[in-house]
>>> print(open('protein_20.pdb').read())   # PDB, C-alpha atoms
MODEL        1
ATOM      1  CA  MET A  16     -19.149  -6.201  19.057  1.00  0.00           C
ATOM      2  CA  SER A  17     -16.179  -8.511  18.670  1.00  0.00           C
ATOM      3  CA  PRO A  18     -16.743 -10.624  15.531  1.00  0.00           C
ATOM      4  CA  HIS A  19     -15.767 -14.062  16.795  1.00  0.00           C
ATOM      5  CA  THR A  20     -18.277 -16.114  14.754  1.00  0.00           C
ATOM      6  CA  PRO A  21     -18.743 -16.094  10.952  1.00  0.00           C
ATOM      7  CA  ALA A  22     -22.086 -14.335  11.329  1.00  0.00           C
ATOM      8  CA  GLU A  23     -20.552 -11.686  13.583  1.00  0.00           C
ATOM      9  CA  ALA A  24     -17.661 -11.201  11.156  1.00  0.00           C
ATOM     10  CA  ARG A  25     -20.083 -10.653   8.262  1.00  0.00           C
ATOM     11  CA  ALA A  26     -22.051  -8.187  10.370  1.00  0.00           C
ATOM     12  CA  PHE A  27     -18.836  -6.357  11.298  1.00  0.00           C
ATOM     13  CA  VAL A  28     -17.726  -6.005   7.664  1.00  0.00           C
ATOM     14  CA  THR A  29     -21.108  -4.827   6.405  1.00  0.00           C
ATOM     15  CA  ALA A  30     -21.564  -2.410   9.316  1.00  0.00           C
ATOM     16  CA  HIS A  31     -18.234  -0.672   8.729  1.00  0.00           C
ATOM     17  CA  THR A  32     -18.253  -0.533   4.917  1.00  0.00           C
ATOM     18  CA  ALA A  33     -20.466   0.438   2.009  1.00  0.00           C
ATOM     19  CA  LEU A  34     -20.722  -1.046  -1.462  1.00  0.00           C
ATOM     20  CA  ALA A  35     -18.598   1.038  -3.798  1.00  0.00           C
ATOM     21  CA  HIS A  36     -16.763   0.974  -7.138  1.00  0.00           C
ATOM     22  CA  VAL A  37     -13.231   2.290  -7.613  1.00  0.00           C
ATOM     23  CA  PRO A  38     -12.907   4.447 -10.761  1.00  0.00           C
ATOM     24  CA  LEU A  39     -10.191   2.299 -12.331  1.00  0.00           C
ATOM     25  CA  VAL A  40     -12.262  -0.909 -12.051  1.00  0.00           C
ATOM     26  CA  PRO A  41     -15.946   0.093 -12.217  1.00  0.00           C
ATOM     27  CA  GLU A  42     -16.949  -3.450 -13.184  1.00  0.00           C
ATOM     28  CA  ILE A  43     -16.406  -4.690  -9.622  1.00  0.00           C
ATOM     29  CA  ALA A  44     -18.436  -3.788  -6.523  1.00  0.00           C
ATOM     30  CA  LEU A  45     -16.657  -3.986  -3.176  1.00  0.00           C
ATOM     31  CA  HIS A  46     -17.405  -3.526   0.506  1.00  0.00           C
ATOM     32  CA  LEU A  47     -15.083  -0.580   1.198  1.00  0.00           C
ATOM     33  CA  ALA A  48     -14.576   1.871   4.028  1.00  0.00           C
ATOM     34  CA  THR A  49     -16.202   5.183   3.174  1.00  0.00           C
ATOM     35  CA  GLU A  50     -14.239   6.913   5.923  1.00  0.00           C
ATOM     36  CA  ILE A  51     -11.003   5.449   7.190  1.00  0.00           C
ATOM     37  CA  THR A  52     -11.126   6.373  10.864  1.00  0.00           C
ATOM     38  CA  PRO A  53     -14.278   4.498  12.003  1.00  0.00           C
ATOM     39  CA  VAL A  54     -13.355   1.111  10.528  1.00  0.00           C
ATOM     40  CA  TRP A  55      -9.708   1.503  11.501  1.00  0.00           C
ATOM     41  CA  GLN A  56     -10.584   2.299  15.113  1.00  0.00           C
ATOM     42  CA  ALA A  57     -13.155  -0.483  15.292  1.00  0.00           C
ATOM     43  CA  SER A  58     -10.680  -3.015  13.931  1.00  0.00           C
ATOM     44  CA  GLU A  59      -7.914  -1.681  16.168  1.00  0.00           C
ATOM     45  CA  ASN A  60     -10.164  -2.321  19.165  1.00  0.00           C
ATOM     46  CA  TRP A  61     -10.609  -5.912  18.018  1.00  0.00           C
ATOM     47  CA  LEU A  62      -6.902  -6.116  17.201  1.00  0.00           C
ATOM     48  CA  ALA A  63      -6.019  -5.158  20.767  1.00  0.00           C
ATOM     49  CA  GLN A  64      -8.192  -8.008  22.060  1.00  0.00           C
ATOM     50  CA  ASN A  65      -7.486 -10.699  19.476  1.00  0.00           C
ATOM     51  CA  GLY A  66      -4.205  -9.926  17.693  1.00  0.00           C
ATOM     52  CA  ILE A  67      -5.879  -9.359  14.327  1.00  0.00           C
ATOM     53  CA  GLU A  68      -4.332  -7.294  11.535  1.00  0.00           C
ATOM     54  CA  PRO A  69      -5.491  -3.719  10.752  1.00  0.00           C
ATOM     55  CA  PRO A  70      -8.301  -3.523   8.141  1.00  0.00           C
ATOM     56  CA  PHE A  71      -6.285  -3.564   4.935  1.00  0.00           C
ATOM     57  CA  TRP A  72      -9.233  -5.478   3.442  1.00  0.00           C
ATOM     58  CA  ALA A  73     -11.449  -2.370   3.595  1.00  0.00           C
ATOM     59  CA  PHE A  74      -9.561  -0.537   0.845  1.00  0.00           C
ATOM     60  CA  ALA A  75      -8.719  -1.166  -2.816  1.00  0.00           C
ATOM     61  CA  TRP A  76      -4.963  -0.573  -2.784  1.00  0.00           C
ATOM     62  CA  PRO A  77      -3.103   0.493  -5.967  1.00  0.00           C
ATOM     63  CA  GLY A  78      -1.488  -2.902  -6.579  1.00  0.00           C
ATOM     64  CA  GLY A  79      -4.796  -4.759  -6.460  1.00  0.00           C
ATOM     65  CA  GLN A  80      -6.424  -2.203  -8.717  1.00  0.00           C
ATOM     66  CA  LEU A  81      -3.682  -2.532 -11.336  1.00  0.00           C
ATOM     67  CA  LEU A  82      -3.904  -6.325 -11.244  1.00  0.00           C
ATOM     68  CA  ALA A  83      -7.673  -6.247 -11.676  1.00  0.00           C
ATOM     69  CA  ARG A  84      -7.561  -3.718 -14.509  1.00  0.00           C
ATOM     70  CA  HIS A  85      -4.862  -5.625 -16.385  1.00  0.00           C
ATOM     71  CA  ILE A  86      -6.742  -8.902 -15.993  1.00  0.00           C
ATOM     72  CA  LEU A  87     -10.066  -7.496 -17.198  1.00  0.00           C
ATOM     73  CA  ASP A  88      -8.348  -5.827 -20.152  1.00  0.00           C
ATOM     74  CA  ASN A  89      -6.447  -9.035 -21.006  1.00  0.00           C
ATOM     75  CA  PRO A  90      -8.723 -11.932 -19.988  1.00  0.00           C
ATOM     76  CA  GLU A  91      -6.741 -14.372 -22.106  1.00  0.00           C
ATOM     77  CA  ARG A  92      -3.943 -14.118 -19.517  1.00  0.00           C
ATOM     78  CA  VAL A  93      -6.075 -15.920 -16.923  1.00  0.00           C
ATOM     79  CA  ALA A  94      -8.814 -17.749 -18.854  1.00  0.00           C
ATOM     80  CA  GLY A  95      -8.801 -21.453 -18.038  1.00  0.00           C
ATOM     81  CA  ARG A  96      -6.004 -21.128 -15.491  1.00  0.00           C
ATOM     82  CA  ARG A  97      -5.856 -21.974 -11.777  1.00  0.00           C
ATOM     83  CA  VAL A  98      -5.203 -18.700  -9.958  1.00  0.00           C
ATOM     84  CA  LEU A  99      -4.126 -17.762  -6.448  1.00  0.00           C
ATOM     85  CA  ASP A 100      -4.605 -14.199  -5.250  1.00  0.00           C
ATOM     86  CA  PHE A 101      -2.095 -14.126  -2.391  1.00  0.00           C
ATOM     87  CA  ALA A 102      -2.522 -11.570   0.435  1.00  0.00           C
ATOM     88  CA  ALA A 103      -5.691 -10.726  -1.442  1.00  0.00           C
ATOM     89  CA  GLY A 104      -6.991  -7.838   0.671  1.00  0.00           C
ATOM     90  CA  CYS A 105     -10.499  -7.020  -0.521  1.00  0.00           C
ATOM     91  CA  GLY A 106     -10.210  -9.638  -3.278  1.00  0.00           C
ATOM     92  CA  ILE A 107     -10.450  -7.259  -6.232  1.00  0.00           C
ATOM     93  CA  ALA A 108      -7.865  -9.153  -8.310  1.00  0.00           C
ATOM     94  CA  ALA A 109      -9.418 -12.527  -7.497  1.00  0.00           C
ATOM     95  CA  ILE A 110     -12.844 -11.276  -8.569  1.00  0.00           C
ATOM     96  CA  ALA A 111     -11.372  -9.964 -11.827  1.00  0.00           C
ATOM     97  CA  CYS A 112      -9.861 -13.400 -12.507  1.00  0.00           C
ATOM     98  CA  ALA A 113     -13.202 -15.114 -11.949  1.00  0.00           C
ATOM     99  CA  GLN A 114     -14.900 -12.616 -14.260  1.00  0.00           C
ATOM    100  CA  ALA A 115     -12.199 -13.222 -16.882  1.00  0.00           C
ATOM    101  CA  GLY A 116     -12.857 -16.967 -16.980  1.00  0.00           C
ATOM    102  CA  ALA A 117     -10.227 -18.508 -14.741  1.00  0.00           C
ATOM    103  CA  ALA A 118     -10.722 -22.231 -14.184  1.00  0.00           C
ATOM    104  CA  SER A 119     -10.512 -21.731 -10.410  1.00  0.00           C
ATOM    105  CA  VAL A 120      -9.676 -18.835  -8.122  1.00  0.00           C
ATOM    106  CA  GLU A 121      -8.360 -19.040  -4.571  1.00  0.00           C
ATOM    107  CA  ALA A 122      -7.877 -15.914  -2.442  1.00  0.00           C
ATOM    108  CA  ALA A 123      -5.601 -16.231   0.586  1.00  0.00           C
ATOM    109  CA  GLU A 124      -5.564 -13.910   3.607  1.00  0.00           C
ATOM    110  CA  ILE A 125      -4.457 -14.720   7.152  1.00  0.00           C
ATOM    111  CA  ASP A 126      -6.796 -12.048   8.569  1.00  0.00           C
ATOM    112  CA  PRO A 127     -10.187 -13.700   9.212  1.00  0.00           C
ATOM    113  CA  LEU A 128     -12.028 -10.418   8.591  1.00  0.00           C
ATOM    114  CA  ALA A 129     -10.352 -10.212   5.179  1.00  0.00           C
ATOM    115  CA  VAL A 130     -11.509 -13.751   4.385  1.00  0.00           C
ATOM    116  CA  THR A 131     -15.047 -12.698   5.287  1.00  0.00           C
ATOM    117  CA  ALA A 132     -14.794  -9.526   3.199  1.00  0.00           C
ATOM    118  CA  ILE A 133     -13.509 -11.467   0.185  1.00  0.00           C
ATOM    119  CA  ALA A 134     -16.402 -13.926   0.417  1.00  0.00           C
ATOM    120  CA  LEU A 135     -18.913 -11.071   0.666  1.00  0.00           C
ATOM    121  CA  ASN A 136     -17.329  -9.280  -2.279  1.00  0.00           C
ATOM    122  CA  ALA A 137     -17.372 -12.450  -4.364  1.00  0.00           C
ATOM    123  CA  ASP A 138     -21.055 -12.946  -3.582  1.00  0.00           C
ATOM    124  CA  VAL A 139     -22.044  -9.411  -4.542  1.00  0.00           C
ATOM    125  CA  ASN A 140     -20.241  -9.826  -7.871  1.00  0.00           C
ATOM    126  CA  GLY A 141     -21.762 -13.255  -8.515  1.00  0.00           C
ATOM    127  CA  VAL A 142     -18.461 -15.117  -8.850  1.00  0.00           C
ATOM    128  CA  ASP A 143     -17.084 -18.294  -7.307  1.00  0.00           C
ATOM    129  CA  ILE A 144     -13.935 -17.781  -5.238  1.00  0.00           C
ATOM    130  CA  THR A 145     -12.455 -19.974  -2.518  1.00  0.00           C
ATOM    131  CA  ALA A 146     -11.395 -17.643   0.300  1.00  0.00           C
ATOM    132  CA  THR A 147      -8.927 -19.197   2.715  1.00  0.00           C
ATOM    133  CA  GLY A 148      -7.256 -18.045   5.917  1.00  0.00           C
ATOM    134  CA  ALA A 149      -4.421 -20.562   5.594  1.00  0.00           C
ATOM    135  CA  ASP A 150      -0.806 -19.362   5.572  1.00  0.00           C
ATOM    136  CA  LEU A 151       0.288 -20.780   2.225  1.00  0.00           C
ATOM    137  CA  VAL A 152       3.911 -19.662   2.395  1.00  0.00           C
ATOM    138  CA  GLY A 153       6.114 -22.709   2.027  1.00  0.00           C
ATOM    139  CA  THR A 154       3.475 -24.923   0.432  1.00  0.00           C
ATOM    140  CA  ALA A 155       4.034 -26.539  -2.944  1.00  0.00           C
ATOM    141  CA  PRO A 156       2.270 -24.464  -5.618  1.00  0.00           C
ATOM    142  CA  CYS A 157      -0.761 -26.012  -7.293  1.00  0.00           C
ATOM    143  CA  TRP A 158      -1.665 -22.925  -9.339  1.00  0.00           C
ATOM    144  CA  ASP A 159      -0.818 -21.713 -12.822  1.00  0.00           C
ATOM    145  CA  LEU A 160      -0.766 -18.035 -11.847  1.00  0.00           C
ATOM    146  CA  ILE A 161      -0.082 -16.345  -8.493  1.00  0.00           C
ATOM    147  CA  LEU A 162      -1.030 -12.688  -7.994  1.00  0.00           C
ATOM    148  CA  CYS A 163       0.296 -10.385  -5.271  1.00  0.00           C
ATOM    149  CA  GLY A 164      -0.665  -6.742  -4.808  1.00  0.00           C
ATOM    150  CA  ASP A 165       1.051  -4.355  -2.399  1.00  0.00           C
ATOM    151  CA  VAL A 166       2.878  -7.052  -0.445  1.00  0.00           C
ATOM    152  CA  CYS A 167       6.259  -5.338   0.025  1.00  0.00           C
ATOM    153  CA  TYR A 168       5.213  -2.677   2.525  1.00  0.00           C
ATOM    154  CA  GLU A 169       7.200  -4.162   5.435  1.00  0.00           C
ATOM    155  CA  SER A 170      10.617  -5.795   5.589  1.00  0.00           C
ATOM    156  CA  PRO A 171       9.524  -8.905   7.584  1.00  0.00           C
ATOM    157  CA  MET A 172       6.625  -9.523   5.185  1.00  0.00           C
ATOM    158  CA  THR A 173       8.876  -9.210   2.136  1.00  0.00           C
ATOM    159  CA  GLN A 174      11.562 -11.473   3.581  1.00  0.00           C
ATOM    160  CA  HIS A 175       8.908 -14.026   4.528  1.00  0.00           C
ATOM    161  CA  ILE A 176       7.190 -14.313   1.169  1.00  0.00           C
ATOM    162  CA  LEU A 177       9.711 -13.460  -1.584  1.00  0.00           C
ATOM    163  CA  PRO A 178      11.838 -16.638  -1.364  1.00  0.00           C
ATOM    164  CA  TRP A 179       8.657 -18.736  -1.567  1.00  0.00           C
ATOM    165  CA  LEU A 180       7.309 -16.728  -4.510  1.00  0.00           C
ATOM    166  CA  ARG A 181      10.603 -17.155  -6.365  1.00  0.00           C
ATOM    167  CA  CYS A 182      10.417 -20.908  -5.807  1.00  0.00           C
ATOM    168  CA  CYS A 183       6.800 -20.916  -6.996  1.00  0.00           C
ATOM    169  CA  ALA A 184       7.906 -19.099 -10.162  1.00  0.00           C
ATOM    170  CA  ARG A 185       9.722 -22.256 -11.257  1.00  0.00           C
ATOM    171  CA  THR A 186       6.384 -23.925 -12.021  1.00  0.00           C
ATOM    172  CA  ALA A 187       3.841 -21.061 -12.012  1.00  0.00           C
ATOM    173  CA  GLU A 188       3.663 -17.545 -13.360  1.00  0.00           C
ATOM    174  CA  VAL A 189       3.985 -15.058 -10.473  1.00  0.00           C
ATOM    175  CA  TRP A 190       2.972 -11.393 -10.665  1.00  0.00           C
ATOM    176  CA  ILE A 191       3.610  -8.643  -8.123  1.00  0.00           C
ATOM    177  CA  ALA A 192       1.943  -5.249  -8.501  1.00  0.00           C
ATOM    178  CA  ASP A 193       3.688  -2.592  -6.438  1.00  0.00           C
ATOM    179  CA  PRO A 194       3.259   1.202  -6.094  1.00  0.00           C
ATOM    180  CA  GLY A 195       6.847   1.910  -5.099  1.00  0.00           C
ATOM    181  CA  ARG A 196       6.903   0.408  -1.612  1.00  0.00           C
ATOM    182  CA  ALA A 197      10.225   0.694   0.186  1.00  0.00           C
ATOM    183  CA  TYR A 198      10.896  -3.027   0.505  1.00  0.00           C
ATOM    184  CA  LEU A 199      10.291  -4.085  -3.093  1.00  0.00           C
ATOM    185  CA  PRO A 200      13.370  -6.057  -4.213  1.00  0.00           C
ATOM    186  CA  ARG A 201      15.587  -4.361  -6.766  1.00  0.00           C
ATOM    187  CA  ASP A 202      16.285  -7.432  -8.864  1.00  0.00           C
ATOM    188  CA  GLY A 203      14.570 -10.565 -10.084  1.00  0.00           C
ATOM    189  CA  LEU A 204      11.509  -8.682 -11.365  1.00  0.00           C
ATOM    190  CA  ASP A 205      10.540  -7.959 -14.966  1.00  0.00           C
ATOM    191  CA  PRO A 206       8.108  -5.046 -15.477  1.00  0.00           C
ATOM    192  CA  LEU A 207       5.009  -5.841 -17.539  1.00  0.00           C
ATOM    193  CA  VAL A 208       2.774  -2.779 -17.079  1.00  0.00           C
ATOM    194  CA  ILE A 209       3.187   0.681 -15.515  1.00  0.00           C
ATOM    195  CA  ARG A 210       0.190   2.856 -14.685  1.00  0.00           C
ATOM    196  CA  ASP A 211      -0.685   5.835 -12.504  1.00  0.00           C
ATOM    197  CA  ILE A 212      -3.351   4.790  -9.988  1.00  0.00           C
ATOM    198  CA  PRO A 213      -5.536   7.436  -8.280  1.00  0.00           C
ATOM    199  CA  THR A 214      -5.515   7.225  -4.497  1.00  0.00           C
ATOM    200  CA  THR A 215      -6.177   9.559  -1.558  1.00  0.00           C
ATOM    201  CA  MET A 216      -4.055  11.444   0.954  1.00  0.00           C
ATOM    202  CA  GLU A 217      -5.828   9.493   3.685  1.00  0.00           C
ATOM    203  CA  LEU A 218      -4.303   6.236   2.450  1.00  0.00           C
ATOM    204  CA  GLU A 219      -1.087   7.382   0.804  1.00  0.00           C
ATOM    205  CA  ASP A 220       1.237  10.396   0.858  1.00  0.00           C
ATOM    206  CA  ARG A 221       0.020  11.515  -2.578  1.00  0.00           C
ATOM    207  CA  VAL A 222      -3.100  11.469  -4.754  1.00  0.00           C
ATOM    208  CA  VAL A 223      -1.581   9.291  -7.509  1.00  0.00           C
ATOM    209  CA  ARG A 224       0.683   6.278  -7.164  1.00  0.00           C
ATOM    210  CA  ARG A 225       2.753   5.124 -10.131  1.00  0.00           C
ATOM    211  CA  THR A 226       2.265   1.378  -9.901  1.00  0.00           C
ATOM    212  CA  THR A 227       4.134  -1.352 -11.745  1.00  0.00           C
ATOM    213  CA  LEU A 228       3.086  -4.908 -12.485  1.00  0.00           C
ATOM    214  CA  TYR A 229       6.100  -7.217 -12.441  1.00  0.00           C
ATOM    215  CA  ARG A 230       6.656 -10.821 -13.340  1.00  0.00           C
ATOM    216  CA  VAL A 231       8.811 -12.611 -10.754  1.00  0.00           C
ATOM    217  CA  ARG A 232      11.797 -14.529 -12.088  1.00  0.00           C
ATOM    218  CA  PRO A 233      12.225 -18.039 -10.696  1.00  0.00           C
ATOM    219  CA  ALA A 234      14.847 -18.837  -8.113  1.00  0.00           C
ATOM    220  CA  PRO A 235      17.957 -20.481  -9.583  1.00  0.00           C
TER
ENDMDL
END
>>> encode(input="protein_20.pdb", output="structure tokens")
Amino acid sequence: MSPHTPAEARAFVTAHTALAHVPLVPEIALHLATEITPVWQASENWLAQNGIEPPFWAFAWPGGQLLARHILDNPERVAGRRVLDFAAGCGIAAIACAQAGAASVEAAEIDPLAVTAIALNADVNGVDITATGADLVGTAPCWDLILCGDVCYESPMTQHILPWLRCCARTAEVWIADPGRAYLPRDGLDPLVIRDIPTTMELEDRVVRRTTLYRVRPAP
């Protein structure tokens, strides 16, 4: 089935995932792939027909996990603030913000299946999140805090978003959580938290990823 309608997209996500909790953030339930190959192949089939991204939304990547854990452990960092979870994936960080008392939470993903997954994950956790498929890069920031997890995995992606994030940092706080991806910039980032995040050899090349939460310095 090719999930062209919202109902078909919801059916696709629920059919290829199961509700699960990652050990680092047991407070949050997520629709996650229990085995990588079936959901990846199913989404690749749709990708070939529709130009849709691979199913990054079906996994809780190390950066998102670190963001969520830090937020839940330090709710005062987000309470009462307007938050954007950019390139939100499964939405784990956005859900943590809503649980921590953010004034509003928006989760942005250009993959329509990711938008559907985020909405489903918000529902199952009983929180209010606005999931959007809009490409927000280049827009004027209207948030107090912008979160990004695992966004520097490709050079084009990094070059596309980093200048905008640095501009946003003039008026908003911007965090990037990164597990040592190759294209993370070497300057303009101040480390806030470092933590070893369990992962799997199916997703990564090791079973633990040392992941750092950075604050982005504003562009001059």
>>> residues_around(input="protein_20.pdb", residues="segment 209-212 of chain A", least_positions_apart="5", cutoff="6 Å", atoms="all atoms listed in the file", output="PyMOL selection string")
chain A and resi 77+223-227
>>> residues_near_point(input="protein_20.pdb", point="(-14.0, -18.0, -12.6)", cutoff="10 Å", atoms="all atoms listed in the file", output="PDB file with C-alpha atoms, in the frame of the given file")
ATOM      1  CA  VAL A  93      -6.075 -15.920 -16.923  1.00  0.00           C
ATOM      2  CA  ALA A  94      -8.814 -17.749 -18.854  1.00  0.00           C
ATOM      3  CA  GLY A  95      -8.801 -21.453 -18.038  1.00  0.00           C
ATOM      4  CA  ARG A  96      -6.004 -21.128 -15.491  1.00  0.00           C
ATOM      5  CA  ARG A  97      -5.856 -21.974 -11.777  1.00  0.00           C
ATOM      6  CA  VAL A  98      -5.203 -18.700  -9.958  1.00  0.00           C
ATOM      7  CA  ALA A 109      -9.418 -12.527  -7.497  1.00  0.00           C
ATOM      8  CA  ILE A 110     -12.844 -11.276  -8.569  1.00  0.00           C
ATOM      9  CA  ALA A 111     -11.372  -9.964 -11.827  1.00  0.00           C
ATOM     10  CA  CYS A 112      -9.861 -13.400 -12.507  1.00  0.00           C
ATOM     11  CA  ALA A 113     -13.202 -15.114 -11.949  1.00  0.00           C
ATOM     12  CA  GLN A 114     -14.900 -12.616 -14.260  1.00  0.00           C
ATOM     13  CA  ALA A 115     -12.199 -13.222 -16.882  1.00  0.00           C
ATOM     14  CA  GLY A 116     -12.857 -16.967 -16.980  1.00  0.00           C
ATOM     15  CA  ALA A 117     -10.227 -18.508 -14.741  1.00  0.00           C
ATOM     16  CA  ALA A 118     -10.722 -22.231 -14.184  1.00  0.00           C
ATOM     17  CA  SER A 119     -10.512 -21.731 -10.410  1.00  0.00           C
ATOM     18  CA  VAL A 120      -9.676 -18.835  -8.122  1.00  0.00           C
ATOM     19  CA  GLU A 121      -8.360 -19.040  -4.571  1.00  0.00           C
ATOM     20  CA  GLY A 141     -21.762 -13.255  -8.515  1.00  0.00           C
ATOM     21  CA  VAL A 142     -18.461 -15.117  -8.850  1.00  0.00           C
ATOM     22  CA  ASP A 143     -17.084 -18.294  -7.307  1.00  0.00           C
ATOM     23  CA  ILE A 144     -13.935 -17.781  -5.238  1.00  0.00           C
TER      24      ILE A 144
END
>>> resolve_selection(input="protein_20.pdb", expression="the PyMOL selection byres ((chain A and resi 188) around 8)", output="compact mmCIF listing (two decimals) with C-alpha atoms, keeping the file's coordinate frame")
# COMPACT_ATOMS: atom_id res chain seq x y z
CA ASP A 159 -0.82 -21.71 -12.82
CA LEU A 160 -0.77 -18.04 -11.85
CA ILE A 161 -0.08 -16.34 -8.49
CA CYS A 183 6.80 -20.92 -7.00
CA ALA A 184 7.91 -19.10 -10.16
CA ARG A 185 9.72 -22.26 -11.26
CA THR A 186 6.38 -23.92 -12.02
CA ALA A 187 3.84 -21.06 -12.01
CA VAL A 189 3.98 -15.06 -10.47
CA TRP A 190 2.97 -11.39 -10.66
CA ARG A 230 6.66 -10.82 -13.34
CA VAL A 231 8.81 -12.61 -10.75
>>> residues_around(input="protein_20.pdb", residues="Ala149 of chain A", least_positions_apart="5", cutoff="10 Å", atoms="all atoms listed in the file", output="VMD selection string")
chain A and resid 122 to 127 130
>>> closest_residue(input="protein_20.pdb", among="A:Ala132, A:Ile176, A:Ala137, A:Ala197", to="Thr154 of chain A", atoms="all atoms listed in the file")
A:Ile176
>>> resolve_selection(input="protein_20.pdb", expression="the PyMOL selection byres ((chain A and resi 207) around 7)", output="PyMOL selection string")
chain A and resi 205-206+208+228-230
>>> write_last_selection(input="protein_20.pdb", atoms="C-alpha atoms", output="PDB file, in the coordinates of the input")
ATOM      1  CA  ASP A 205      10.540  -7.959 -14.966  1.00  0.00           C
ATOM      2  CA  PRO A 206       8.108  -5.046 -15.477  1.00  0.00           C
ATOM      3  CA  VAL A 208       2.774  -2.779 -17.079  1.00  0.00           C
ATOM      4  CA  LEU A 228       3.086  -4.908 -12.485  1.00  0.00           C
ATOM      5  CA  TYR A 229       6.100  -7.217 -12.441  1.00  0.00           C
ATOM      6  CA  ARG A 230       6.656 -10.821 -13.340  1.00  0.00           C
TER       7      ARG A 230
END
>>> resolve_selection(input="protein_20.pdb", expression="the PyMOL selection byres ((chain A and resi 129) around 10)", output="PDB file with C-alpha atoms, in the coordinates of the input")
ATOM      1  CA  ALA A  24     -17.661 -11.201  11.156  1.00  0.00           C
ATOM      2  CA  VAL A  28     -17.726  -6.005   7.664  1.00  0.00           C
ATOM      3  CA  GLU A  68      -4.332  -7.294  11.535  1.00  0.00           C
ATOM      4  CA  PRO A  69      -5.491  -3.719  10.752  1.00  0.00           C
ATOM      5  CA  PRO A  70      -8.301  -3.523   8.141  1.00  0.00           C
ATOM      6  CA  PHE A  71      -6.285  -3.564   4.935  1.00  0.00           C
ATOM      7  CA  TRP A  72      -9.233  -5.478   3.442  1.00  0.00           C
ATOM      8  CA  ALA A  73     -11.449  -2.370   3.595  1.00  0.00           C
ATOM      9  CA  ALA A 102      -2.522 -11.570   0.435  1.00  0.00           C
ATOM     10  CA  ALA A 103      -5.691 -10.726  -1.442  1.00  0.00           C
ATOM     11  CA  GLY A 104      -6.991  -7.838   0.671  1.00  0.00           C
ATOM     12  CA  CYS A 105     -10.499  -7.020  -0.521  1.00  0.00           C
ATOM     13  CA  GLY A 106     -10.210  -9.638  -3.278  1.00  0.00           C
ATOM     14  CA  ALA A 122      -7.877 -15.914  -2.442  1.00  0.00           C
ATOM     15  CA  ALA A 123      -5.601 -16.231   0.586  1.00  0.00           C
ATOM     16  CA  GLU A 124      -5.564 -13.910   3.607  1.00  0.00           C
ATOM     17  CA  ILE A 125      -4.457 -14.720   7.152  1.00  0.00           C
ATOM     18  CA  ASP A 126      -6.796 -12.048   8.569  1.00  0.00           C
ATOM     19  CA  PRO A 127     -10.187 -13.700   9.212  1.00  0.00           C
ATOM     20  CA  LEU A 128     -12.028 -10.418   8.591  1.00  0.00           C
ATOM     21  CA  VAL A 130     -11.509 -13.751   4.385  1.00  0.00           C
ATOM     22  CA  THR A 131     -15.047 -12.698   5.287  1.00  0.00           C
ATOM     23  CA  ALA A 132     -14.794  -9.526   3.199  1.00  0.00           C
ATOM     24  CA  ILE A 133     -13.509 -11.467   0.185  1.00  0.00           C
ATOM     25  CA  ALA A 134     -16.402 -13.926   0.417  1.00  0.00           C
ATOM     26  CA  LEU A 135     -18.913 -11.071   0.666  1.00  0.00           C
ATOM     27  CA  ALA A 146     -11.395 -17.643   0.300  1.00  0.00           C
ATOM     28  CA  THR A 147      -8.927 -19.197   2.715  1.00  0.00           C
ATOM     29  CA  GLY A 148      -7.256 -18.045   5.917  1.00  0.00           C
TER      30      GLY A 148
END
>>> closest_residue(input="protein_20.pdb", among="A:Cys182, A:Leu204, A:Leu99, A:Leu47", to="Trp158 of chain A", atoms="only C-alpha atoms")
A:Leu99
>>> closest_residue(input="protein_20.pdb", among="A:Leu218, A:Leu177, A:Ile107, A:Cys163", to="Ile43 of chain A", atoms="all atoms listed in the file")
A:Ile107
>>> atom_distance(input="protein_20.pdb", atom1="atom CA of Ala33 of chain A", atom2="atom CA of Ala48 of chain A")
6.4 Å
>>> closest_residue(input="protein_20.pdb", among="A:Asp202, A:Arg221, A:Pro90, A:Leu162", to="Leu180 of chain A", atoms="all atoms listed in the file")
A:Leu162
>>> decode(input="protein_20.pdb", residues="segment 201-226 of chain A", atoms="C-alpha atoms", output="short mmCIF file (atom, residue, chain, number, x, y, z; two decimals), in the first residue's frame")
data_model
loop_
_atom_site.label_atom_id
_atom_site.label_comp_id
_atom_site.auth_asym_id
_atom_site.auth_seq_id
_atom_site.Cartn_x
_atom_site.Cartn_y
_atom_site.Cartn_z
CA ARG A 201 34.24 22.29 14.41
CA ASP A 202 33.55 25.78 15.70
CA GLY A 203 30.68 27.93 16.85
CA LEU A 204 29.35 25.29 19.26
CA ASP A 205 29.54 25.26 23.05
CA PRO A 206 29.15 21.83 24.71
CA LEU A 207 26.50 21.63 27.44
CA VAL A 208 26.19 17.89 28.15
CA ILE A 209 28.10 14.75 27.10
CA ARG A 210 26.61 11.28 27.55
CA ASP A 211 27.09 7.76 26.22
CA ILE A 212 23.90 6.65 24.47
CA PRO A 213 23.19 2.92 23.92
CA THR A 214 22.45 2.02 20.32
CA THR A 215 22.64 -1.08 18.11
CA MET A 216 24.97 -2.37 15.42
CA GLU A 217 22.00 -2.37 13.06
CA LEU A 218 21.75 1.42 13.26
CA GLU A 219 25.31 2.45 14.04
CA ASP A 220 28.83 1.02 13.79
CA ARG A 221 29.00 0.50 17.56
CA VAL A 222 26.75 -0.30 20.52
CA VAL A 223 27.33 3.02 22.33
CA ARG A 224 27.56 6.50 20.86
CA ARG A 225 29.17 9.29 22.86
CA THR A 226 26.74 12.12 22.20
#
